[in-house]
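Accompanying notes for the structure given below.
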Amino acid sequence: MSRQSPSLAAVGITLDPAPGIAVSRHLYERIRDAILSGQLRPGLRLPSSRALAAELGVSRTTTVTAYERLRDEGYLDGRVGAGTTVALLQIPPAAAPVHQPPAVRRPPRLSAQGAALAGVRWRIRHAMDGPGSGPPAFPVGRPALDAFPAELWGKVVARRARRSAGSLLRYQHPAGYRPLREAIAAYAGMARAVRCTPEQVLVVGGAQAGLSLAARLLLDPGDDAWMENPGYYGARGAIIAAGATPVPVPVDEDGLDIAAGKALAPRARVAYVTPSHQFPLGVTMSLPRRLALLEWARTADAYVVEDDYDSEYRYVGDPLPSLQGLDGSGRVVYVGSFSKVLFPALRIGYLIVPDELVDAFAAGQRFAAAHVPALEQAALTDFIADGHFARHVRRMRALYAERGAALVQAARRELDGVLSVTPAHAGLHVIGWLPDGMDDGAAALRAAEHGVDVQPLSAHAQEPGRRPGLLLGHAATPEPDIVTGIQRLAAALTAAS
Ligand SMILES: Cc1ncc(COP(=O)(O)O)c(C=O)c1O
């Protein structure tokens, strides 16, 4: 062991603390990192705290504090006054300082399910670097956040935070805040003809968390699940995360093709559907198909996951009752979300499950997320009870109907013969059909270059074979931007064709 104690500068250790960082902490970190990286070898004698203080021009308290912490954590040996040496540690080669990137990136050692999940395509949107200021027109699946009463929501949350601090700080029941479960049961019954008790309602972190929970509780690794094709990638990802196989089943103008599903995956244990407003095609599942789907689930001992993500928005006629309301044999797991009706970052959705699944789903939620944050659940309950929720939905329904009509009108004027846009009777987006043979992915990229955010229909398909088309969200785009957005899209598509 060397008797000679080098100056720290001689081994390349100098101080350069960031503003606000105590010098003693900085010194501690520099020496610790130097030990972990091998720059200071095990057994090396360090300068005394006094000599080091003089060398660095800092107080002795600073160096003593740093040395003591390093000694307490096992990096240094010795006592103050009796010499300080680097501890005789076996340092693995990769134990480099945490803030430095590893020299060689190894592929992560994931489970088979993890690797499959990491491969699911989920970044559907394109980078938007086009001309113009403000957010680009036509993002899909986004509500009008510019019209959300954020100040009012803030007051409701603040009032709750002030008044019920005690009870909302405790762990909650995994199924959710009881008054919210009651409010959801009443709302789903009234607005969606869902038949349930509050006990069947489970508050989850958005529809996505509900889909993942349902997939994990109802599917074993290797099982088949019917997946609408084209369909929602969030559901596909949830099925893959459970280790199961999403089997693409075609969708036509009556919704999911049940006969095709039976032929393609006769032993499927789950069918994922969006019967009120199919995502992304927008069709409504016909009554014969609904009855056939329920009958299949009953005889196959399978479950139907009904994703009712945006059913509040129907502009023509009455909203269609849920599939769950037709189910007499406890085969439907109903999924709802406040993402589209309020705002997506709220991360509150709900599952309404058959009686016999209630305990299993509560346990699943307990071990997945414990529960959804209580303050937001309680604030949402107040927002509903005070009538703000119903008022907001009414206002948004009128606004989205106007924006949808403006989009269709502008498209008919500017995009005649290039993009055939069908009127939006429901939901937050419309579909524009491109001429057969056109590459919708290339068209969407071209649109992005012109500052317009549209999604290619093919990005939602698990298997190709559909007409090319573009999804245009109308809800989050104010009318003046709809007109300029359509003009830009026309420029992009005519340049592309
Ligand atoms: C089909 C479908 N389901 C559910 C959701 C909502 O998911 P979440 O509640 O997780 O925001 C979306 C949002 O885009 C969707 O398109």
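Following the order of the structure tokens, chains are lettered A, B, ..., residues in each are numbered from 1, and ligands are numbered from 1.
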Any chance you could tabulate, as JSON lines, the residues of chain A at most 7 Å from ligand 1 with each one's nearest atom pair and distance in Å to one decimal, using only C-alpha atoms and all ligand atoms, in chain and rising number order?
```
{"residue": "A:Gly141", "atom": "CA", "partner": "ligand 1", "partner_atom_place_in_ligand_line": "14 (O)", "distance": 4.7}
{"residue": "A:Gly206", "atom": "CA", "partner": "ligand 1", "partner_atom_place_in_ligand_line": "9 (O)", "distance": 3.7}
{"residue": "A:Ala207", "atom": "CA", "partner": "ligand 1", "partner_atom_place_in_ligand_line": "9 (O)", "distance": 3.6}
{"residue": "A:Gln208", "atom": "CA", "partner": "ligand 1", "partner_atom_place_in_ligand_line": "10 (O)", "distance": 3.7}
{"residue": "A:Ala209", "atom": "CA", "partner": "ligand 1", "partner_atom_place_in_ligand_line": "10 (O)", "distance": 6.5}
{"residue": "A:Tyr232", "atom": "CA", "partner": "ligand 1", "partner_atom_place_in_ligand_line": "1 (C)", "distance": 5.0}
{"residue": "A:Gly234", "atom": "CA", "partner": "ligand 1", "partner_atom_place_in_ligand_line": "3 (N)", "distance": 7.0}
{"residue": "A:Thr274", "atom": "CA", "partner": "ligand 1", "partner_atom_place_in_ligand_line": "1 (C)", "distance": 6.7}
{"residue": "A:Phe279", "atom": "CA", "partner": "ligand 1", "partner_atom_place_in_ligand_line": "1 (C)", "distance": 5.1}
{"residue": "A:Asp307", "atom": "CA", "partner": "ligand 1", "partner_atom_place_in_ligand_line": "3 (N)", "distance": 5.9}
{"residue": "A:Tyr309", "atom": "CA", "partner": "ligand 1", "partner_atom_place_in_ligand_line": "4 (C)", "distance": 4.8}
{"residue": "A:Ser337", "atom": "CA", "partner": "ligand 1", "partner_atom_place_in_ligand_line": "9 (O)", "distance": 4.5}
{"residue": "A:Phe338", "atom": "CA", "partner": "ligand 1", "partner_atom_place_in_ligand_line": "9 (O)", "distance": 6.4}
{"residue": "A:Ser339", "atom": "CA", "partner": "ligand 1", "partner_atom_place_in_ligand_line": "11 (O)", "distance": 4.8}
{"residue": "A:Pro344", "atom": "CA", "partner": "ligand 1", "partner_atom_place_in_ligand_line": "11 (O)", "distance": 5.1}
{"residue": "A:Arg347", "atom": "CA", "partner": "ligand 1", "partner_atom_place_in_ligand_line": "9 (O)", "distance": 6.4}
{"residue": "A:Ile348", "atom": "CA", "partner": "ligand 1", "partner_atom_place_in_ligand_line": "9 (O)", "distance": 6.8}
{"residue": "A:Gly349", "atom": "CA", "partner": "ligand 1", "partner_atom_place_in_ligand_line": "9 (O)", "distance": 5.6}
```
Residues as selected, N, CA and C atoms, written as a PDB file, in the first residue's frame, can you do that?
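Everything below was put into part_0.pdb:
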```pdb
ATOM      1  N   GLY A 141     -58.184  11.744 -31.925  1.00  0.00           N
ATOM      2  CA  GLY A 141     -58.455  11.264 -30.567  1.00  0.00           C
ATOM      3  C   GLY A 141     -58.305  12.314 -29.494  1.00  0.00           C
ATOM      4  N   GLY A 206     -57.620   5.286 -16.571  1.00  0.00           N
ATOM      5  CA  GLY A 206     -57.936   5.461 -17.997  1.00  0.00           C
ATOM      6  C   GLY A 206     -58.321   4.129 -18.621  1.00  0.00           C
ATOM      7  N   ALA A 207     -58.882   4.210 -19.827  1.00  0.00           N
ATOM      8  CA  ALA A 207     -59.288   2.984 -20.517  1.00  0.00           C
ATOM      9  C   ALA A 207     -58.097   2.049 -20.701  1.00  0.00           C
ATOM     10  N   GLN A 208     -56.922   2.626 -20.939  1.00  0.00           N
ATOM     11  CA  GLN A 208     -55.753   1.782 -21.198  1.00  0.00           C
ATOM     12  C   GLN A 208     -55.443   0.864 -20.022  1.00  0.00           C
ATOM     13  N   ALA A 209     -55.490   1.436 -18.820  1.00  0.00           N
ATOM     14  CA  ALA A 209     -55.227   0.610 -17.634  1.00  0.00           C
ATOM     15  C   ALA A 209     -56.305  -0.462 -17.510  1.00  0.00           C
ATOM     16  N   TYR A 232     -57.842  -0.630 -32.441  1.00  0.00           N
ATOM     17  CA  TYR A 232     -57.135   0.259 -31.523  1.00  0.00           C
ATOM     18  C   TYR A 232     -55.836  -0.393 -31.023  1.00  0.00           C
ATOM     19  N   GLY A 234     -53.983   0.382 -28.669  1.00  0.00           N
ATOM     20  CA  GLY A 234     -53.915   0.293 -27.203  1.00  0.00           C
ATOM     21  C   GLY A 234     -54.432  -1.053 -26.715  1.00  0.00           C
ATOM     22  N   THR A 274     -65.346  -2.266 -30.279  1.00  0.00           N
ATOM     23  CA  THR A 274     -65.812  -0.892 -30.045  1.00  0.00           C
ATOM     24  C   THR A 274     -67.156  -0.756 -30.768  1.00  0.00           C
ATOM     25  N   PHE A 279     -63.400   1.979 -33.678  1.00  0.00           N
ATOM     26  CA  PHE A 279     -62.165   2.719 -33.902  1.00  0.00           C
ATOM     27  C   PHE A 279     -61.260   1.876 -34.796  1.00  0.00           C
ATOM     28  N   ASP A 307     -65.230  -1.603 -25.487  1.00  0.00           N
ATOM     29  CA  ASP A 307     -64.562  -0.314 -25.267  1.00  0.00           C
ATOM     30  C   ASP A 307     -65.490   0.783 -25.784  1.00  0.00           C
ATOM     31  N   TYR A 309     -65.256   4.123 -25.597  1.00  0.00           N
ATOM     32  CA  TYR A 309     -64.363   5.247 -25.287  1.00  0.00           C
ATOM     33  C   TYR A 309     -64.911   6.634 -25.613  1.00  0.00           C
ATOM     34  N   SER A 337     -64.197   5.811 -20.265  1.00  0.00           N
ATOM     35  CA  SER A 337     -63.049   6.692 -20.024  1.00  0.00           C
ATOM     36  C   SER A 337     -63.501   8.144 -19.921  1.00  0.00           C
ATOM     37  N   PHE A 338     -62.820   8.914 -19.085  1.00  0.00           N
ATOM     38  CA  PHE A 338     -63.074  10.353 -19.031  1.00  0.00           C
ATOM     39  C   PHE A 338     -62.075  11.121 -19.902  1.00  0.00           C
ATOM     40  N   SER A 339     -61.239  10.381 -20.656  1.00  0.00           N
ATOM     41  CA  SER A 339     -60.202  11.048 -21.453  1.00  0.00           C
ATOM     42  C   SER A 339     -60.785  11.944 -22.535  1.00  0.00           C
ATOM     43  N   PRO A 344     -57.482  13.964 -21.376  1.00  0.00           N
ATOM     44  CA  PRO A 344     -56.808  12.666 -21.288  1.00  0.00           C
ATOM     45  C   PRO A 344     -55.810  12.543 -20.139  1.00  0.00           C
ATOM     46  N   ARG A 347     -56.379  10.726 -16.563  1.00  0.00           N
ATOM     47  CA  ARG A 347     -56.119   9.292 -16.364  1.00  0.00           C
ATOM     48  C   ARG A 347     -57.132   8.657 -15.418  1.00  0.00           C
ATOM     49  N   ILE A 348     -58.400   8.886 -15.697  1.00  0.00           N
ATOM     50  CA  ILE A 348     -59.441   8.170 -14.967  1.00  0.00           C
ATOM     51  C   ILE A 348     -60.382   7.531 -15.982  1.00  0.00           C
ATOM     52  N   GLY A 349     -60.550   6.255 -15.839  1.00  0.00           N
ATOM     53  CA  GLY A 349     -61.518   5.509 -16.630  1.00  0.00           C
ATOM     54  C   GLY A 349     -62.177   4.507 -15.703  1.00  0.00           C
TER      55      GLY A 349
END
```
Based on the backbone DSSP call, show me all residues of segment 345-479 of chain A assigned strand (DSSP E), as a PDB file with N, CA and C atoms, in the first residue's frame.
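File states-v9.pdb, as written:
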```
ATOM      1  N   GLY A 349     -60.550   6.255 -15.839  1.00  0.00           N
ATOM      2  CA  GLY A 349     -61.518   5.509 -16.630  1.00  0.00           C
ATOM      3  C   GLY A 349     -62.177   4.507 -15.703  1.00  0.00           C
ATOM      4  N   TYR A 350     -62.989   3.630 -16.259  1.00  0.00           N
ATOM      5  CA  TYR A 350     -63.648   2.655 -15.394  1.00  0.00           C
ATOM      6  C   TYR A 350     -63.964   1.373 -16.149  1.00  0.00           C
ATOM      7  N   LEU A 351     -64.028   0.305 -15.364  1.00  0.00           N
ATOM      8  CA  LEU A 351     -64.493  -0.979 -15.868  1.00  0.00           C
ATOM      9  C   LEU A 351     -65.800  -1.281 -15.163  1.00  0.00           C
ATOM     10  N   ILE A 352     -66.735  -1.877 -15.901  1.00  0.00           N
ATOM     11  CA  ILE A 352     -67.949  -2.394 -15.279  1.00  0.00           C
ATOM     12  C   ILE A 352     -67.942  -3.884 -15.592  1.00  0.00           C
ATOM     13  N   SER A 420     -62.151  11.708 -50.230  1.00  0.00           N
ATOM     14  CA  SER A 420     -63.599  11.672 -50.064  1.00  0.00           C
ATOM     15  C   SER A 420     -63.934  11.501 -48.582  1.00  0.00           C
ATOM     16  N   VAL A 421     -64.392  12.609 -47.985  1.00  0.00           N
ATOM     17  CA  VAL A 421     -64.614  12.613 -46.534  1.00  0.00           C
ATOM     18  C   VAL A 421     -66.082  12.301 -46.235  1.00  0.00           C
ATOM     19  N   HIS A 429     -63.310  12.050 -34.849  1.00  0.00           N
ATOM     20  CA  HIS A 429     -62.569  12.137 -36.110  1.00  0.00           C
ATOM     21  C   HIS A 429     -63.434  11.681 -37.277  1.00  0.00           C
ATOM     22  N   VAL A 430     -63.020  12.048 -38.467  1.00  0.00           N
ATOM     23  CA  VAL A 430     -63.676  11.557 -39.679  1.00  0.00           C
ATOM     24  C   VAL A 430     -62.633  10.792 -40.492  1.00  0.00           C
ATOM     25  N   ILE A 431     -63.163  10.016 -41.455  1.00  0.00           N
ATOM     26  CA  ILE A 431     -62.241   9.313 -42.350  1.00  0.00           C
ATOM     27  C   ILE A 431     -62.335   9.941 -43.727  1.00  0.00           C
ATOM     28  N   GLY A 432     -61.193  10.181 -44.314  1.00  0.00           N
ATOM     29  CA  GLY A 432     -61.141  10.619 -45.707  1.00  0.00           C
ATOM     30  C   GLY A 432     -60.569   9.476 -46.534  1.00  0.00           C
ATOM     31  N   TRP A 433     -61.328   9.036 -47.552  1.00  0.00           N
ATOM     32  CA  TRP A 433     -60.857   7.920 -48.385  1.00  0.00           C
ATOM     33  C   TRP A 433     -60.009   8.449 -49.526  1.00  0.00           C
ATOM     34  N   GLN A 455     -53.607  10.784 -39.618  1.00  0.00           N
ATOM     35  CA  GLN A 455     -53.067   9.430 -39.450  1.00  0.00           C
ATOM     36  C   GLN A 455     -53.483   8.549 -40.617  1.00  0.00           C
ATOM     37  N   PRO A 456     -52.569   7.731 -41.120  1.00  0.00           N
ATOM     38  CA  PRO A 456     -52.957   6.787 -42.166  1.00  0.00           C
ATOM     39  C   PRO A 456     -53.783   5.650 -41.578  1.00  0.00           C
ATOM     40  N   GLY A 469     -56.795   5.344 -46.590  1.00  0.00           N
ATOM     41  CA  GLY A 469     -57.569   6.457 -46.038  1.00  0.00           C
ATOM     42  C   GLY A 469     -56.779   7.222 -44.998  1.00  0.00           C
ATOM     43  N   LEU A 470     -57.312   8.379 -44.640  1.00  0.00           N
ATOM     44  CA  LEU A 470     -56.674   9.205 -43.611  1.00  0.00           C
ATOM     45  C   LEU A 470     -57.684   9.498 -42.515  1.00  0.00           C
ATOM     46  N   LEU A 471     -57.203   9.507 -41.285  1.00  0.00           N
ATOM     47  CA  LEU A 471     -58.043   9.897 -40.150  1.00  0.00           C
ATOM     48  C   LEU A 471     -57.771  11.368 -39.851  1.00  0.00           C
ATOM     49  N   LEU A 472     -58.844  12.143 -39.770  1.00  0.00           N
ATOM     50  CA  LEU A 472     -58.702  13.573 -39.461  1.00  0.00           C
ATOM     51  C   LEU A 472     -59.511  13.858 -38.199  1.00  0.00           C
ATOM     52  N   GLY A 473     -58.828  14.263 -37.124  1.00  0.00           N
ATOM     53  CA  GLY A 473     -59.545  14.620 -35.900  1.00  0.00           C
ATOM     54  C   GLY A 473     -60.109  16.020 -36.060  1.00  0.00           C
TER      55      GLY A 473
END
```
Problem set entry | 9 Å contact set for Ile384 of chain A, only C-alpha atoms, chain neighbours under 6 positions out, as a PyMOL selection string | chain A and resi 180+183+390
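Residues of segment 203-284 of chain A carrying a DSSP assignment of helix (DSSP H, G or I), computed from the backbone, are Gly206, Ala207, Gln208, Ala209, Gly210, Leu211, Ser212, Leu213, Ala214, Ala215, Arg216, Leu217, Leu218, Tyr233, Gly234, Ala235, Arg236, Gly237, Ala238, Ile239, Ile240, Ala241, Ile258, Ala259, Ala260, Gly261, Lys262, Ala263 and Leu264 of chain A.
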Just to be explicit: take each residue in the selection above, keep C-alpha atoms, and write the result as a CSV table (one decimal), in the first residue's frame.
```csv
chain,number,residue,atom,x,y,z
A,206,GLY,CA,-57.9,5.5,-18.0
A,207,ALA,CA,-59.3,3.0,-20.5
A,208,GLN,CA,-55.8,1.8,-21.2
A,209,ALA,CA,-55.2,0.6,-17.6
A,210,GLY,CA,-58.6,-1.1,-17.8
A,211,LEU,CA,-57.8,-2.9,-21.0
A,212,SER,CA,-54.5,-4.1,-19.6
A,213,LEU,CA,-56.1,-5.3,-16.4
A,214,ALA,CA,-58.8,-7.1,-18.3
A,215,ALA,CA,-56.3,-8.7,-20.6
A,216,ARG,CA,-54.1,-9.9,-17.8
A,217,LEU,CA,-57.1,-11.3,-15.8
A,218,LEU,CA,-58.9,-13.0,-18.7
A,233,TYR,CA,-53.4,-0.3,-30.9
A,234,GLY,CA,-53.9,0.3,-27.2
A,235,ALA,CA,-56.0,-2.9,-27.0
A,236,ARG,CA,-53.6,-4.8,-29.2
A,237,GLY,CA,-50.7,-3.8,-26.9
A,238,ALA,CA,-52.7,-4.9,-23.8
A,239,ILE,CA,-53.3,-8.3,-25.3
A,240,ILE,CA,-49.7,-8.7,-26.2
A,241,ALA,CA,-48.6,-7.5,-22.7
A,258,ILE,CA,-68.3,-12.7,-35.9
A,259,ALA,CA,-68.3,-15.6,-38.5
A,260,ALA,CA,-64.8,-14.7,-39.6
A,261,GLY,CA,-63.7,-14.6,-35.9
A,262,LYS,CA,-65.1,-18.1,-35.3
A,263,ALA,CA,-63.3,-19.4,-38.4
A,264,LEU,CA,-60.0,-17.6,-37.6
```
Exercise. Residues at most 8 Å from Pro423 of chain A, counting only C-alpha atoms, excluding those fewer than 4 positions away in the same chain, as a count of residues only?
Worked result: 4
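Each of A:Arg366, A:His450, A:Arg397, A:Arg160 was compared to Thr381 of chain A using only C-alpha atoms, and A:Arg160 turns out to be the nearest.
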Problem set entry | For Ala475 of chain A, the nearest of the candidates A:Ala442, A:Ala411, A:Ala426, A:Val249, counting only C-alpha atoms |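 Among A:Ala442, A:Ala411, A:Ala426, A:Val249, it is A:Ala426 that comes nearest to Ala475 of chain A.
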Exercise. Atom CA of Glu312 of chain A and atom CA of Ser458 of chain A are how many Å apart?
Worked result: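 These atoms are spaced 26.3 Å apart.
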For this session: Could you check how far atom CA of Val335 of chain A sits from atom CA of Gln365 of chain A, in Å to one decimal?
Result: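 Between atom CA of Val335 of chain A and atom CA of Gln365 of chain A the gap works out to 14.4 Å.
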Exercise. Which distance in Å separates atom CA of Arg289 of chain A and atom CA of Asp257 of chain A, to one decimal?
Worked result: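 Atom CA of Arg289 of chain A sits 7.6 Å away from atom CA of Asp257 of chain A.
Excluding Asp436 of chain A itself and any same-chain residue fewer than 6 positions from it, the protein and nucleic acid residues within 10 Å of it, counting only C-alpha atoms, are Arg466, Arg467, Pro468 and Gly469 of chain A.
The environment of Leu76 of chain A within 10 Å, counting only C-alpha atoms and disregarding residues fewer than 2 places along the same chain, consists of Ile31, Arg32, Ile35, Pro42, Gly43, Leu44, Arg45, Leu46, Tyr67, Glu68, Arg69, Leu70, Arg71, Asp72, Glu73, Gly74, Gly78, Arg79, Thr84, Thr85, Val86, Ala87, Leu88 and Leu89 of chain A.
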For this session: Fewer than 5 positions away in the same chain doesn't count, so skip those; otherwise give me all residues within 8 Å of Ala406 of chain A, counting only C-alpha atoms, as a list in words.
Result: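 Those residues are Glu479, Ile482 and Val483 of chain A.
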Dump of C-alpha atoms for the selected residues, as an mmCIF file, in the first residue's frame:
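What follows is the written file out.cif:
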```cif
data_model
loop_
_atom_site.group_PDB
_atom_site.id
_atom_site.type_symbol
_atom_site.label_atom_id
_atom_site.label_comp_id
_atom_site.auth_asym_id
_atom_site.auth_seq_id
_atom_site.Cartn_x
_atom_site.Cartn_y
_atom_site.Cartn_z
ATOM 1 C CA GLU A 479 -62.907 26.316 -37.259
ATOM 2 C CA ILE A 482 -59.900 23.618 -40.034
ATOM 3 C CA VAL A 483 -60.185 25.699 -43.195
#
```
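Distance annotation: of A:Leu346, A:Glu182, A:Gln409, A:Thr494, the residue with the minimal separation from Val157 of chain A is A:Leu346; atom set is only C-alpha atoms.
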Problem set entry | Pick from A:Pro280, A:Pro275, A:Gly189, A:Gly154 nearest to Val201 of chain A, counting only C-alpha atoms |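 Using only C-alpha atoms, the shortest distance to Val201 of chain A belongs to A:Gly189.
Among A:Val270, A:Val332, A:Ala379, A:Met227, the residue with the shortest atom-to-atom distance to Arg290 of chain A, counting only C-alpha atoms, is A:Val332.
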